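Student: Submitted below is the structure of interest, expressed as structure tokens.
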Amino acid sequence: MTASSGPLCEARVRGGIGCGRITHLGGSEVAEGNTFSFDRRGQVKGASEHPVHIAVGQSAADAIRLLLDASRSDGAPVIQFDAWQSNGETWVSVTGTAASPGDARAQTAYLPAMFSKAIAGLELYDSELRVLRSNSAALAIRGVEPDDVLGHRAGELDPTLALSPLLAEATDADRAVGACTVVQRDIRKGSRVLSVLALPLLDATTVIGAATIIHDVTEVDRSRKAQQLLSATYEHVGTTLGMTRTAQELASVATEDFADVVTVDLVEAVLRGDEALLPPLRGTTPLRRAACESKVPEFTGLYEVGEPSRFEFPTPYTQVLRDLQSRLVDPHGSPSDWHMHDTARSEVLRQAGVHSMLVTPLAQHGRLLGLVCLYRSRRTPMPFDQRDLALAEQVTDRAAVHIENARRYVRERTAATTLQRQLLPSGISEVPAVNTAHFWKPGGRETRWFDVITLSSARVGLAMMEIPQHGLRAAVDMGRFRTAFATLARMDLDPEELLAHLDDMTREMHQDDPQTSESDPDNDGAGARCLYAVYDTITGQCAIASADWPAPLLTDPDGTTRTLDVPVGPSLGRRSSYEAVHLTLEPQTLLTCYSASMLRDGDGDDAFAQLERAASRSVGDAQADCDNIVYALMGDPAHRRKGGTLLTAVLSRLADASHTSWTVPRDQAAVADCRTRAREQLEAWGLDDHVFATEIVVSELVTNVLTHARGTPRIRMIRNSRLTVEVSDDSSASPHLRHPRAQEEDGRGLLIVAALASRWGTRYGEEGKIVWVEQKLTEDR
């Protein structure tokens with residue numbers, strides 16, 4: 001019923017039951033919600049609120065006029081009513097207002113048009129949640145005819161669309177509800193995601209029904225989930241340069257809301273850093289299980305992570321390995337019965353309830369890196385489709401990029417590590433009176449190196465070095481440093497002097513190529529570090545110098561362990577001078593040299609305290625000291641990642657019978673006595689085969705001192721792994737090896753000595769120089 005202002009009020013009765021308040025498009029809201037009743041004589045018997053309550057006892061026309069006056073605005077105000085009869089009275093309720101008759105007609109036509117033309121599904125329910133109206137979109141969503149819906153309670157229709165729980169919440173005044181997502185699953189039609197807004201219909205404060213607005217958001221939801229999967233792949237896959245870690249990240253991301261089970265198998269050669277293989281792969285090509293993630297408790301993989309994996313031929317897996325084409329597979333409807341060829345895997349899929357699977361290759365530039373298998377089971381009833389296959393290919397393609405990067409990193413690191421290993425001593429020199437042990441593990445961002453160098457006159461050099469970079473360039477630099485170090489050491493330089501030469505070399509390397517070090521030598525960053533110790537096995541004297549290397553530990557024969565007070569200079573390349581500490585060690589003293597990485601923070605006890613304890617428990621045993629330290633520190637994953645270098649040595653002395661020395665008077669006649677004494681000593685040592693050469697060496701060296709140098713000649717003969725003859729004097733002039741012409745009568749002394757010796761050289765001291773000559777001993781000697 002619609003009433004308009006004017007001399008007469010036109011009344012029209014609308015059929016049907018009132019369906020709640022309709023929001024007006026204009027005019028005043030003062031009259032909305034007013035209800036009044038009148039009897040057969042047209043007299044108002046009761047009214048709900050102002051302004052109609054003052055019309056009680058008056059005619060119904062007066063009540064309508066009051067409502068029109070209260071709703072007056074520009075134009076012709078219109079009031080819309082619902083009217084019904086009850087207990088002999090006619091009841092009238094205001095359902096809306098409008099500014100003009102045209103607006104009123106538009107509002108009246110809105111509801112039918114909305115139901116018939118809306119794309120969204122619309123349904124109307126009474127107070128008992130029986131369906132009063134359902135538009136064609138809602139019927140299409142349910143997949144039923146109108147007679148199957150109208151007049152039925154919402155609960156009865158839940159098998160087609162479960163809305164009753166949502167409607168119960170919407171009609172409960174104490175519970176607030178908004179738009180909710182309802183997932184409708186039909187294995188034949190697929191899964192549909194619906195967004196449902198349930199609204200209560202109120203008469204004043206009384207709930208008289210409900211309405212729902214239903215939107216099919218399946219495609220929107222699918223696009224959102226696909227975007228989430230791709231975003232998670234970009235964010236969480238490939239966070240490190242570890243291939244197995246990347247494979248596990250891929251499996252974890254794909255099982256969040258896409259697949260129930262994911263397995264990743266990588267070609268074993270790829271895990272080693274080798275070039276990926278070109279298809280087709282043979283059935284014998286080894287793969288290895290890199291990751292497995294399952295949300296299905298019943299799924300038990302055929303292979304544990306880290307184990308070799310194998311795929312039987314012919315199966316969808318081997319087909320993908322041959323042509324690098326992804327496949328969507330229905331295990332129960334496959335055109336070829338591949339289950340008989342791979343019964344073990346088929347049984348695993350059956351027990352886990354797998355009903356759909358995707359098999360995609362991990363490939364880069366047409367080369368195969370591995371295989372990704374994605375499964376859906378009872379946990380996700382909807383099977384994969386072609387769009388899922390395309391999404392899986394995007395995800396695996398992204399992961400393949402990271403795995404290829406990790407493979408290249410492994411290849412470069414393997415090459416660098418292999419080169420570093422080749423540059424390390426292939427076998428530590430066995431030095432009499434010095435027993436050594438070592439440990440080396442690459443890691444961190446440093447490249448480390450160590451060596452035991454056999455020096456002249458029964459001396460030994462212990463060297464350790466660290467370059468603050470890693471990779472192939474660092475390995476090349478390490479080779480350059482090692483060559484320079486060995487050359488300088490065999491020039492019999494003192495430790496502090498050798499470090500000074502290395503300091504100059506480091507600066508020259510940096511000037512020639514600034515990338516040889518990750519830090520500029522002129523700033524406070526770390527540079528190359530070095531430790532060099534020289535030990536004399538006859539006197540027990542030891543000299544140690546350090547360039548930013550931790551001071552070594554010294555363990556006395558009684559088990560007392562202390563840190564040597566070594567002046568630690570700056571790292572190499574700073575144009576600095578270095579100092580050495582000189583001390584005399586007791587026989588059976590244990591020296592423990594270690595890289596700074598061994599002391600970095602890790603789990604458990606203080607690393608330095610563990611070093612001290614291990615050294616104090618290893619008196620007189622270099623290998624035990626090395627093993628104890630490794631067991632104490634390398635159990636910590638942090639230390640294993642950083643790597644480290646350890647060199648331990650038990651320093652003893654040569655027996656007195658292994659060396660002899662005497663002083664020669666400045667008399668040419670004494671040369672013959674020197675030859676005689678040398679011959680007697682060799683006969684005592686059982687080295688008769690070396691008498692002839694040694695007599696010539698002694699004779700030529702002593703003659704040179706008497707002829708060209710000053711001071712009293714001093715001779716020392718040492719027998720260890722080599723036979724050494726030393727002749728010292730008080731002159732600092734260096735002997736010069738000449739190549740005289742045939743007609744010259746002298747100048748051949750050192751030439752003859754060099755021909756008879758395996759090596760020779762000159763060592764300078766505070767009181768002059770020492771010319772030394774070494775001869776190799778046969779194995780039985």
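By convention here, the chains of the structure tokens are called A, B, ... in the order presented, each chain's residues are numbered starting at 1, and ligands are numbered starting at 1 in the order presented.
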Skip Lys117 (chain A) itself and residues of its chain fewer than 4 positions away, then list as an mmCIF file with N, CA, C and O atoms, in the first residue's frame all residues within 12 Å of it, counting only C-alpha atoms.
Tutor:
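Printed below is selection_18.cif as written:
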data_model
loop_
_atom_site.group_PDB
_atom_site.id
_atom_site.type_symbol
_atom_site.label_atom_id
_atom_site.label_comp_id
_atom_site.auth_asym_id
_atom_site.auth_seq_id
_atom_site.Cartn_x
_atom_site.Cartn_y
_atom_site.Cartn_z
ATOM 1 N N ALA A 109 9.905 -1.564 -7.391
ATOM 2 C CA ALA A 109 10.364 -2.442 -8.460
ATOM 3 C C ALA A 109 11.763 -3.003 -8.205
ATOM 4 O O ALA A 109 12.197 -3.933 -8.890
ATOM 5 N N TYR A 110 12.461 -2.427 -7.202
ATOM 6 C CA TYR A 110 13.875 -2.819 -6.976
ATOM 7 C C TYR A 110 13.992 -4.286 -6.572
ATOM 8 O O TYR A 110 14.809 -5.024 -7.110
ATOM 9 N N LEU A 111 13.150 -4.705 -5.619
ATOM 10 C CA LEU A 111 13.297 -6.063 -5.099
ATOM 11 C C LEU A 111 13.046 -7.120 -6.171
ATOM 12 O O LEU A 111 13.863 -8.034 -6.337
ATOM 13 N N PRO A 112 11.965 -7.047 -6.954
ATOM 14 C CA PRO A 112 11.782 -8.064 -8.008
ATOM 15 C C PRO A 112 12.906 -8.050 -9.040
ATOM 16 O O PRO A 112 13.371 -9.101 -9.480
ATOM 17 N N ALA A 113 13.347 -6.832 -9.409
ATOM 18 C CA ALA A 113 14.419 -6.757 -10.407
ATOM 19 C C ALA A 113 15.713 -7.340 -9.852
ATOM 20 O O ALA A 113 16.476 -8.002 -10.578
ATOM 21 N N GLY A 121 23.839 -14.927 -6.291
ATOM 22 C CA GLY A 121 22.713 -15.716 -5.821
ATOM 23 C C GLY A 121 22.051 -15.036 -4.639
ATOM 24 O O GLY A 121 22.713 -14.621 -3.687
ATOM 25 N N LEU A 122 20.730 -14.910 -4.673
ATOM 26 C CA LEU A 122 19.960 -14.266 -3.619
ATOM 27 C C LEU A 122 18.887 -15.229 -3.128
ATOM 28 O O LEU A 122 18.181 -15.851 -3.927
ATOM 29 N N SER A 134 14.249 -17.617 -4.173
ATOM 30 C CA SER A 134 15.608 -17.986 -4.580
ATOM 31 C C SER A 134 15.733 -17.649 -6.048
ATOM 32 O O SER A 134 14.954 -18.151 -6.880
ATOM 33 N N ASN A 135 16.674 -16.767 -6.383
ATOM 34 C CA ASN A 135 16.789 -16.355 -7.781
ATOM 35 C C ASN A 135 17.505 -17.414 -8.614
ATOM 36 O O ASN A 135 18.002 -18.423 -8.100
ATOM 37 N N SER A 136 17.560 -17.162 -9.909
ATOM 38 C CA SER A 136 18.112 -18.167 -10.823
ATOM 39 C C SER A 136 19.594 -18.416 -10.552
ATOM 40 O O SER A 136 20.070 -19.553 -10.706
ATOM 41 N N ALA A 137 20.351 -17.366 -10.140
ATOM 42 C CA ALA A 137 21.770 -17.569 -9.857
ATOM 43 C C ALA A 137 21.959 -18.497 -8.663
ATOM 44 O O ALA A 137 22.845 -19.372 -8.667
ATOM 45 N N ALA A 138 21.120 -18.319 -7.621
ATOM 46 C CA ALA A 138 21.217 -19.189 -6.450
ATOM 47 C C ALA A 138 20.838 -20.624 -6.812
ATOM 48 O O ALA A 138 21.454 -21.587 -6.349
#
Student: What lies within 8 Å of Thr694 (chain A) using only C-alpha atoms, ignoring chain neighbours under 3 positions off, as a PyMOL selection string?
Tutor: chain A and resi 678-679+690-691+697-698+725
Student: Convert the current residue selection to file output with N, CA, C and O atoms, as a PDB file, in the first residue's frame.
Tutor:
ATOM      1  N   ALA A 678     137.122 -35.417   9.457  1.00  0.00           N
ATOM      2  CA  ALA A 678     135.838 -35.676   8.803  1.00  0.00           C
ATOM      3  C   ALA A 678     135.726 -37.128   8.380  1.00  0.00           C
ATOM      4  O   ALA A 678     134.675 -37.763   8.521  1.00  0.00           O
ATOM      5  N   ARG A 679     136.870 -37.679   7.838  1.00  0.00           N
ATOM      6  CA  ARG A 679     136.844 -39.076   7.404  1.00  0.00           C
ATOM      7  C   ARG A 679     136.605 -40.004   8.595  1.00  0.00           C
ATOM      8  O   ARG A 679     135.818 -40.957   8.524  1.00  0.00           O
ATOM      9  N   HIS A 690     130.494 -41.784   1.640  1.00  0.00           N
ATOM     10  CA  HIS A 690     130.459 -40.335   1.510  1.00  0.00           C
ATOM     11  C   HIS A 690     131.794 -39.688   1.885  1.00  0.00           C
ATOM     12  O   HIS A 690     131.883 -38.463   1.948  1.00  0.00           O
ATOM     13  N   VAL A 691     132.810 -40.502   2.140  1.00  0.00           N
ATOM     14  CA  VAL A 691     134.099 -39.956   2.585  1.00  0.00           C
ATOM     15  C   VAL A 691     134.716 -39.076   1.509  1.00  0.00           C
ATOM     16  O   VAL A 691     135.143 -37.940   1.770  1.00  0.00           O
ATOM     17  N   VAL A 697     134.477 -31.376   0.120  1.00  0.00           N
ATOM     18  CA  VAL A 697     133.654 -30.265   0.609  1.00  0.00           C
ATOM     19  C   VAL A 697     134.347 -29.547   1.759  1.00  0.00           C
ATOM     20  O   VAL A 697     134.467 -28.315   1.795  1.00  0.00           O
ATOM     21  N   VAL A 698     134.827 -30.326   2.746  1.00  0.00           N
ATOM     22  CA  VAL A 698     135.489 -29.718   3.895  1.00  0.00           C
ATOM     23  C   VAL A 698     136.733 -28.967   3.457  1.00  0.00           C
ATOM     24  O   VAL A 698     137.007 -27.836   3.893  1.00  0.00           O
ATOM     25  N   VAL A 725     127.384 -30.561   6.339  1.00  0.00           N
ATOM     26  CA  VAL A 725     128.676 -30.017   6.738  1.00  0.00           C
ATOM     27  C   VAL A 725     128.544 -28.506   6.787  1.00  0.00           C
ATOM     28  O   VAL A 725     128.119 -27.885   5.797  1.00  0.00           O
TER      29      VAL A 725
END
Student: Which residues, written as a PyMOL selection string, have at least one atom at most 12 Å from Met634 (chain A), with only C-alpha atoms counted and residues fewer than 4 positions away on the same chain left out?
Tutor: chain A and resi 439-441+443+597-600+602-604+607+610-611+626-630+638-646
Student: For CA of Val348 (chain A) and CA of Tyr303 (chain A), quote the distance in Å rounded to one decimal.
Tutor: 11.4 Å
Student: Rounded to one decimal in Å, what is the spacing between CA of Val56 (chain A) and CA of Ser100 (chain A)?
Tutor: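 One can read the CA of Val56 (chain A) to CA of Ser100 (chain A) distance as 27.5 Å.
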